[in-house]
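As stored in structure.csv (CSV, C-alpha atoms):
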chain,number,residue,atom,x,y,z
A,561,MET,CA,-34.1,-5.2,-89.4
A,562,LYS,CA,-34.3,-8.9,-88.9
A,563,LYS,CA,-35.5,-9.9,-85.4
A,564,PHE,CA,-33.3,-11.8,-83.0
A,565,GLU,CA,-34.6,-15.4,-82.7
A,566,TYR,CA,-32.9,-18.5,-81.6
A,567,ASN,CA,-34.1,-22.0,-81.5
A,568,ILE,CA,-32.1,-23.6,-78.7
A,569,LYS,CA,-30.5,-26.6,-80.3
A,570,THR,CA,-28.6,-28.1,-77.4
A,571,GLN,CA,-29.5,-28.0,-73.7
A,572,LEU,CA,-27.8,-30.5,-71.4
A,573,ILE,CA,-27.4,-31.0,-67.8
A,574,SER,CA,-25.4,-33.4,-65.7
A,575,LEU,CA,-27.3,-34.8,-62.7
A,576,GLY,CA,-24.7,-37.0,-61.2
A,577,ASP,CA,-22.1,-39.5,-62.2
A,578,ASP,CA,-24.0,-41.2,-65.0
A,579,ASP,CA,-27.2,-39.2,-65.2
A,580,TYR,CA,-27.5,-36.8,-68.1
A,581,VAL,CA,-30.6,-35.2,-69.4
A,582,GLY,CA,-30.6,-33.1,-72.5
A,583,LEU,CA,-32.3,-31.7,-75.6
A,584,PHE,CA,-30.6,-32.0,-78.9
A,585,ASN,CA,-32.3,-30.8,-82.1
A,586,ASN,CA,-35.7,-30.7,-80.3
A,587,HIS,CA,-35.4,-34.3,-79.0
A,588,VAL,CA,-35.2,-35.1,-75.3
A,589,LEU,CA,-32.2,-37.3,-74.5
A,590,SER,CA,-31.0,-39.1,-71.5
A,591,GLY,CA,-28.3,-41.7,-70.6
A,592,ASN,CA,-25.1,-42.3,-72.5
A,593,PHE,CA,-26.2,-40.4,-75.6
A,594,ALA,CA,-26.9,-37.3,-73.6
A,595,LYS,CA,-23.5,-37.7,-72.0
A,596,LEU,CA,-21.9,-37.9,-75.5
A,597,VAL,CA,-23.7,-34.8,-76.7
A,598,GLU,CA,-22.6,-33.0,-73.5
A,599,GLU,CA,-19.0,-33.9,-74.2
A,600,PHE,CA,-19.4,-32.8,-77.8
A,601,SER,CA,-20.9,-29.4,-77.0
A,602,MET,CA,-18.2,-28.7,-74.4
A,603,ASN,CA,-15.5,-29.7,-76.8
A,604,ALA,CA,-17.0,-27.5,-79.5
A,605,TYR,CA,-17.3,-24.5,-77.1
A,606,ILE,CA,-13.6,-24.8,-76.0
A,607,LYS,CA,-12.5,-25.1,-79.7
A,608,MET,CA,-14.6,-22.1,-80.6
A,609,LEU,CA,-13.0,-20.0,-77.9
A,610,GLU,CA,-9.5,-21.2,-78.8
A,611,SER,CA,-10.0,-20.2,-82.4
A,612,GLY,CA,-11.5,-16.9,-81.5
A,613,GLY,CA,-14.7,-17.9,-83.2
A,614,ARG,CA,-13.0,-18.7,-86.5
A,615,ASP,CA,-13.3,-22.5,-86.4
A,616,PHE,CA,-16.5,-22.8,-88.5
A,617,MET,CA,-17.0,-26.5,-87.8
A,618,ASN,CA,-17.4,-25.9,-84.1
A,619,THR,CA,-19.0,-22.5,-84.2
A,620,SER,CA,-21.8,-23.9,-86.4
A,621,LEU,CA,-23.3,-25.4,-83.2
A,622,TYR,CA,-24.4,-21.9,-82.4
A,623,GLY,CA,-25.9,-21.2,-85.8
A,624,ASP,CA,-29.6,-21.4,-86.5
A,625,ASP,CA,-29.7,-21.9,-90.3
A,626,ILE,CA,-29.9,-25.1,-92.4
A,627,PHE,CA,-26.2,-24.9,-93.2
A,628,SER,CA,-25.2,-24.6,-89.6
A,629,HIS,CA,-27.5,-27.6,-88.7
A,630,LEU,CA,-25.8,-29.7,-91.4
A,631,VAL,CA,-22.3,-28.7,-90.5
A,632,SER,CA,-22.9,-29.3,-86.7
A,633,GLY,CA,-24.4,-32.7,-87.6
A,634,ILE,CA,-21.3,-33.7,-89.5
A,635,THR,CA,-19.0,-32.4,-86.7
A,636,PHE,CA,-21.0,-34.4,-84.2
A,637,VAL,CA,-20.6,-37.6,-86.3
A,638,ARG,CA,-16.9,-36.9,-86.7
A,639,PHE,CA,-16.5,-36.3,-83.0
A,640,THR,CA,-18.4,-39.6,-82.2
A,641,PHE,CA,-16.2,-41.6,-84.5
A,642,THR,CA,-13.0,-40.0,-83.2
A,643,LYS,CA,-14.1,-40.9,-79.7
A,644,TRP,CA,-14.8,-44.5,-80.6
A,645,LEU,CA,-11.5,-45.0,-82.4
B,342,MET,CA,-19.5,-33.6,-46.5
B,343,ARG,CA,-17.3,-36.3,-45.1
B,344,ALA,CA,-17.7,-34.9,-41.6
B,345,LEU,CA,-21.5,-34.9,-42.0
B,346,LEU,CA,-21.4,-38.5,-43.1
B,347,LYS,CA,-19.3,-39.5,-40.2
B,348,SER,CA,-21.6,-38.1,-37.6
B,349,ASN,CA,-24.6,-40.0,-36.3
B,350,LYS,CA,-27.1,-37.2,-36.6
B,351,LYS,CA,-29.5,-36.4,-39.3
B,352,HIS,CA,-28.4,-33.6,-41.6
B,353,ASP,CA,-30.0,-31.3,-44.1
B,354,ILE,CA,-28.1,-30.0,-47.1
B,355,ILE,CA,-29.7,-26.9,-48.6
B,356,ILE,CA,-28.9,-25.8,-52.1
B,357,VAL,CA,-30.2,-22.2,-52.7
B,358,GLY,CA,-31.0,-21.8,-56.4
B,359,GLY,CA,-32.6,-24.2,-58.8
B,360,GLY,CA,-30.7,-23.1,-61.9
B,361,ALA,CA,-28.3,-25.3,-63.8
B,362,THR,CA,-25.6,-25.1,-61.2
B,363,GLY,CA,-27.9,-25.9,-58.2
B,364,VAL,CA,-29.7,-28.8,-60.0
B,365,SER,CA,-26.4,-30.3,-61.3
B,366,LEU,CA,-24.8,-30.0,-57.8
B,367,GLY,CA,-27.8,-31.6,-56.2
B,368,GLY,CA,-27.5,-34.6,-58.5
B,369,ALA,CA,-23.8,-34.9,-57.9
B,370,LEU,CA,-24.1,-34.7,-54.1
B,371,SER,CA,-26.8,-37.3,-54.1
B,372,ASP,CA,-24.6,-39.7,-55.9
B,373,PHE,CA,-21.8,-38.9,-53.5
B,374,VAL,CA,-24.1,-39.6,-50.5
B,375,LYS,CA,-25.6,-42.7,-52.1
B,376,GLY,CA,-22.2,-44.4,-51.9
B,377,SER,CA,-22.1,-44.0,-48.1
B,378,LYS,CA,-23.7,-46.3,-45.5
B,379,LYS,CA,-25.4,-43.4,-43.8
B,380,SER,CA,-27.1,-42.1,-46.9
B,381,ASP,CA,-30.5,-42.1,-45.2
B,382,MET,CA,-29.2,-39.6,-42.6
B,383,LEU,CA,-28.8,-36.9,-45.2
B,384,THR,CA,-31.5,-35.0,-47.1
B,385,ILE,CA,-30.8,-32.7,-49.9
B,386,THR,CA,-33.2,-29.8,-50.7
B,387,ILE,CA,-33.1,-27.4,-53.6
B,388,ILE,CA,-34.8,-24.1,-52.9
B,389,GLU,CA,-35.9,-22.0,-55.9
B,390,ALA,CA,-37.5,-18.6,-55.8
B,391,LEU,CA,-39.3,-19.0,-59.2
B,392,PRO,CA,-42.2,-21.3,-59.8
B,393,THR,CA,-40.0,-23.9,-61.5
B,394,ILE,CA,-36.4,-25.1,-61.5
B,395,LEU,CA,-34.4,-24.5,-64.6
B,396,SER,CA,-36.5,-21.5,-65.4
B,397,GLY,CA,-36.4,-20.7,-69.2
B,398,TRP,CA,-35.4,-24.2,-70.2
B,399,ASP,CA,-37.5,-26.4,-72.4
B,400,GLU,CA,-40.5,-27.7,-70.4
B,401,ARG,CA,-40.0,-31.3,-71.5
B,402,LEU,CA,-36.5,-31.2,-70.2
B,403,VAL,CA,-37.5,-29.7,-66.9
B,404,GLU,CA,-40.1,-32.4,-66.5
B,405,LYS,CA,-37.4,-35.1,-67.1
B,406,VAL,CA,-35.0,-33.4,-64.7
B,407,ASN,CA,-37.7,-33.3,-62.0
B,408,GLU,CA,-38.3,-37.1,-62.5
B,409,VAL,CA,-34.6,-37.8,-62.1
B,410,LEU,CA,-34.2,-35.7,-59.0
B,411,LEU,CA,-37.3,-37.3,-57.5
B,412,LYS,CA,-35.7,-40.7,-58.0
B,413,LYS,CA,-32.6,-39.5,-56.3
B,414,GLU,CA,-34.8,-38.4,-53.4
B,415,ILE,CA,-33.9,-34.8,-53.7
B,416,ARG,CA,-36.5,-32.4,-52.3
B,417,ILE,CA,-37.5,-29.4,-54.5
B,418,ARG,CA,-39.1,-26.4,-53.0
B,419,THR,CA,-40.2,-23.8,-55.6
B,420,SER,CA,-41.7,-20.3,-55.4
B,421,SER,CA,-39.8,-19.9,-52.2
B,422,ALA,CA,-37.0,-17.3,-51.7
B,423,VAL,CA,-34.4,-17.4,-49.0
B,424,ILE,CA,-34.7,-14.1,-47.1
B,425,MET,CA,-32.2,-14.8,-44.4
B,426,VAL,CA,-29.6,-17.3,-43.2
B,427,GLU,CA,-28.7,-17.2,-39.6
B,428,ASN,CA,-25.9,-19.1,-37.9
B,429,ASP,CA,-27.0,-21.1,-34.8
B,430,SER,CA,-24.3,-20.2,-32.3
B,431,GLY,CA,-25.0,-23.4,-30.3
B,432,THR,CA,-24.4,-25.8,-33.1
B,433,SER,CA,-22.6,-25.6,-36.4
B,434,CYS,CA,-26.0,-25.5,-38.2
B,435,SER,CA,-27.7,-22.5,-39.8
B,436,ASN,CA,-31.4,-21.6,-39.8
B,437,ILE,CA,-32.8,-20.6,-43.2
B,438,TYR,CA,-35.8,-18.3,-43.4
B,439,LEU,CA,-38.0,-18.5,-46.4
B,440,SER,CA,-40.4,-16.0,-48.0
B,441,ASP,CA,-43.3,-18.5,-48.1
B,442,SER,CA,-43.0,-19.8,-44.5
B,443,GLU,CA,-43.0,-18.3,-41.1
B,444,SER,CA,-40.9,-21.2,-39.7
B,445,GLN,CA,-37.2,-21.6,-40.5
B,446,ILE,CA,-35.6,-24.7,-41.8
B,447,PRO,CA,-32.3,-26.1,-40.4
B,448,SER,CA,-29.3,-26.6,-42.5
B,449,SER,CA,-26.0,-28.4,-41.8
B,450,LEU,CA,-24.6,-27.4,-45.1
B,451,THR,CA,-25.8,-24.5,-47.3
B,452,VAL,CA,-24.6,-24.0,-50.8
B,453,TRP,CA,-25.6,-20.8,-52.5
B,454,THR,CA,-25.9,-21.2,-56.2
B,455,ALA,CA,-28.4,-18.4,-57.0
B,456,GLY,CA,-27.4,-15.1,-58.3
B,457,VAL,CA,-26.6,-14.8,-62.0
B,458,LYS,CA,-27.4,-11.2,-62.3
B,459,GLY,CA,-27.1,-8.6,-64.9
B,460,TYR,CA,-24.3,-6.1,-64.4
B,461,GLU,CA,-25.5,-3.2,-62.4
B,462,ILE,CA,-25.5,-0.2,-64.6
B,463,THR,CA,-27.3,3.1,-64.1
B,464,ILE,CA,-29.2,4.4,-67.1
B,465,SER,CA,-31.0,7.6,-66.8
B,466,PRO,CA,-34.0,7.8,-67.4
B,467,GLU,CA,-34.4,4.4,-66.0
B,468,VAL,CA,-35.0,1.4,-68.2
B,469,GLU,CA,-37.2,-1.7,-67.4
B,470,LYS,CA,-35.4,-4.6,-65.8
B,471,THR,CA,-36.2,-8.1,-64.7
B,472,LYS,CA,-36.0,-9.1,-61.1
B,473,ASP,CA,-32.5,-10.4,-61.6
B,474,GLY,CA,-31.3,-7.1,-63.1
B,475,ARG,CA,-31.4,-8.0,-66.8
B,476,ILE,CA,-32.4,-5.1,-69.1
B,477,ILE,CA,-35.7,-5.9,-71.0
B,478,LEU,CA,-35.0,-5.4,-74.7
B,479,ASN,CA,-37.0,-5.4,-77.8
B,480,GLU,CA,-36.7,-8.2,-80.5
B,481,PHE,CA,-33.7,-6.4,-82.0
B,482,CYS,CA,-31.6,-6.6,-78.7
B,483,GLN,CA,-32.1,-2.9,-78.3
B,484,ILE,CA,-33.3,-1.0,-75.3
B,485,GLY,CA,-36.7,0.2,-76.6
B,486,SER,CA,-36.3,3.8,-75.5
B,487,TYR,CA,-32.6,4.0,-76.5
B,488,PRO,CA,-32.4,2.5,-80.0
B,489,ASN,CA,-28.6,3.1,-80.2
B,490,ILE,CA,-28.0,0.9,-77.2
B,491,PHE,CA,-27.7,-2.8,-77.8
B,492,CYS,CA,-27.2,-5.4,-75.0
B,493,ILE,CA,-26.1,-9.0,-75.2
B,494,GLY,CA,-25.1,-11.7,-72.7
B,495,ASP,CA,-26.1,-11.9,-69.0
B,496,ILE,CA,-27.4,-8.3,-68.9
B,497,ALA,CA,-29.8,-8.9,-71.9
B,498,ALA,CA,-33.4,-10.1,-71.4
B,499,VAL,CA,-34.9,-10.8,-74.9
B,500,LYS,CA,-38.2,-12.5,-75.4
B,501,ASP,CA,-38.7,-15.3,-77.8
B,502,GLU,CA,-41.7,-15.6,-80.2
B,503,ASN,CA,-43.9,-16.9,-77.3
B,504,GLY,CA,-43.0,-14.0,-75.1
B,505,LYS,CA,-40.8,-16.1,-72.8
B,506,LEU,CA,-37.4,-14.7,-71.9
B,507,TYR,CA,-34.4,-16.5,-73.3
B,508,PRO,CA,-32.3,-18.0,-70.4
B,509,PRO,CA,-28.9,-16.5,-69.6
B,510,LEU,CA,-26.9,-19.3,-71.3
B,511,VAL,CA,-23.8,-19.3,-73.4
B,512,GLN,CA,-25.5,-20.5,-76.5
B,513,ILE,CA,-27.8,-17.5,-76.4
B,514,ALA,CA,-24.9,-15.1,-75.7
B,515,VAL,CA,-22.9,-16.4,-78.7
B,516,ARG,CA,-25.9,-16.2,-80.9
B,517,GLU,CA,-26.7,-12.6,-79.8
B,518,ALA,CA,-23.1,-11.6,-80.6
B,519,LYS,CA,-23.4,-13.2,-84.1
B,520,TYR,CA,-26.7,-11.4,-84.6
B,521,LEU,CA,-25.3,-8.0,-83.6
B,522,SER,CA,-22.3,-8.4,-85.8
B,523,LYS,CA,-24.7,-8.5,-88.7
B,524,ILE,CA,-27.2,-6.0,-87.5
B,525,ILE,CA,-25.0,-3.1,-86.3
B,526,PRO,CA,-23.3,-2.4,-89.7
B,527,LYS,CA,-26.8,-2.2,-91.3
B,528,HIS,CA,-28.1,0.0,-88.4
B,529,VAL,CA,-25.2,2.4,-88.9
B,530,ILE,CA,-25.7,2.6,-92.7
B,531,ILE,CA,-29.4,3.1,-92.2
B,532,THR,CA,-28.9,6.0,-89.8
B,533,ASP,CA,-26.3,7.5,-92.1
B,534,HIS,CA,-28.7,7.5,-95.1
B,535,ALA,CA,-31.4,9.0,-93.0
B,536,ASN,CA,-29.1,11.7,-91.7
B,537,LEU,CA,-30.0,10.9,-88.2
B,538,ARG,CA,-27.2,12.7,-86.5
B,539,SER,CA,-27.2,14.9,-83.4
B,540,LEU,CA,-27.5,18.5,-84.2
B,541,PRO,CA,-26.2,21.5,-82.3
B,542,PRO,CA,-29.0,23.2,-80.3
B,543,ASN,CA,-29.5,26.1,-82.7
B,544,GLU,CA,-29.2,24.2,-86.0
B,545,LYS,CA,-32.4,23.5,-87.9
B,546,ILE,CA,-33.1,21.2,-90.8
Would you mind giving the structure from this file in structure tokens?
Amino acid sequence: MKKFEYNIKTQLISLGDDDYVGLFNNHVLSGNFAKLVEEFSMNAYIKMLESGGRDFMNTSLYGDDIFSHLVSGITFVRFTFTKWL
Amino acid sequence: MRALLKSNKKHDIIIVGGGATGVSLGGALSDFVKGSKKSDMLTITIIEALPTILSGWDERLVEKVNEVLLKKEIRIRTSSAVIMVENDSGTSCSNIYLSDSESQIPSSLTVWTAGVKGYEITISPEVEKTKDGRIILNEFCQIGSYPNIFCIGDIAAVKDENGKLYPPLVQIAVREAKYLSKIIPKHVIITDHANLRSLPPNEKI
């Protein structure tokens, strides 16, 4: 059997009104970018629950393969653009 | 909080638990207090029983969080467990007794954020558990001595490749669920092929 392993892709924490610290794809983030990633991961989690795990675009954030990394990257870019517009 | 800020006394706010909730709450309270004229009358302390706050999180992230909390003048006390909270009948304060100190510390406001625990379940013979009640599993999310029992979520304590326990976070729980959805069908097929079924007491192969 294949072992369980998981490389934690996103870890974020809010430390006040405008202080966010996080880790995204192995990079430590802070400030507005960390806040954006926090909003993105919360949004993805809610959409994943609403779809019962069937929304692949948002469920990909919890995947650990190259395809999931690619899809979650695209979903993040799409989320950022939607937010700006 | 507002009542504390209105009074002219010094107050201590104690947050018990240096996990994500406690740390995040400490940061938010600090910002709330900072907006007040009497911000120097309030001190915020986070008490964590383990040697570090955000146990199980990436070390670089923990370091960065420590820096931010320090800037916000939040005190952090690690390797210190709260063993008792006693109400001071004369005042509206509490006295907090810690495992690493004989003296107690006063608290005007205590917020308890510790206590994410594994669901208490009795398995006989007993299985190995962490201090917070999570069942220690092998690398396949199985209880070592019970290969047909898999655990995921808050009750599961799985080690990563460095032997460090994965933190009880939603990302891990979702990933564990996905993992088991692939593993269990294979596990069932394997056991079927191997004819590993329970036999009546007198039946022999």
Requested in this report: Mind checking which residues fall within 9 Å of His629 of chain A, counting only C-alpha atoms, ignoring those fewer than 6 positions away in the same chain, and posting them as a PyMOL selection string?
Outcome: chain A and resi 569+585+620-621+623
Requested in this report: Give the answer as one residue: which of B:Asp495, B:Asp399, B:Asp501, B:Asp429 has the shortest atom-to-atom distance to Phe481 of chain B, using only C-alpha atoms?
Outcome: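 Under the stated criterion, the closest residue is B:Asp501.
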Requested in this report: Find the residues of chain B in contact range of chain A, meaning any atom within 9 Å when counting only C-alpha atoms, and list them as an NGL selection string.
Outcome: :B and (361 or 364-373 or 398-399 or 401-402 or 405-406 or 409-410 or 479-482 or 499-502 or 507 or 512-513 or 515-517 or 519-521 or 524 or 527-528)
Report task. Please identify all polymer residues lying at most 12 Å from the point (-30.1, 3.6, -76.5) (file coordinates), using only C-alpha atoms, and present the result as number ranges by chain. Result -> B: 464-468, 476, 478-479, 481-492
Requested in this report: Compare B:Ala455, B:Ser435, B:Ile355, B:Ser444 by their minimum atom-to-atom distance to Ile394 of chain B, counting all atoms listed in the file, and give me the closest one.
Outcome: B:Ala455
Query raised in the report: What does the distance between atom CA of Phe639 of chain A and atom CA of Lys523 of chain B come to in Å, to one decimal place?
Result: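 If I compute the distance from atom CA of Phe639 of chain A to atom CA of Lys523 of chain B, I get 29.5 Å.
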Report task. Between atom CA of Phe600 of chain A and atom CA of Phe636 of chain A, measure the distance and give it in Å to one decimal. Result ->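 That distance, rounded to one decimal, is 6.8 Å.
Taking atom CA of Lys595 of chain A as the reference point, atom CA of Trp644 of chain A is found at 14.0 Å.
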Report task. Give the answer as one residue: which of B:Ser522, B:Ser420, B:Asn503, B:Thr432 has the shortest atom-to-atom distance to Gly397 of chain B, using all atoms listed in the file? Result ->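 Nearest candidate to Gly397 of chain B out of B:Ser522, B:Ser420, B:Asn503, B:Thr432: B:Asn503.
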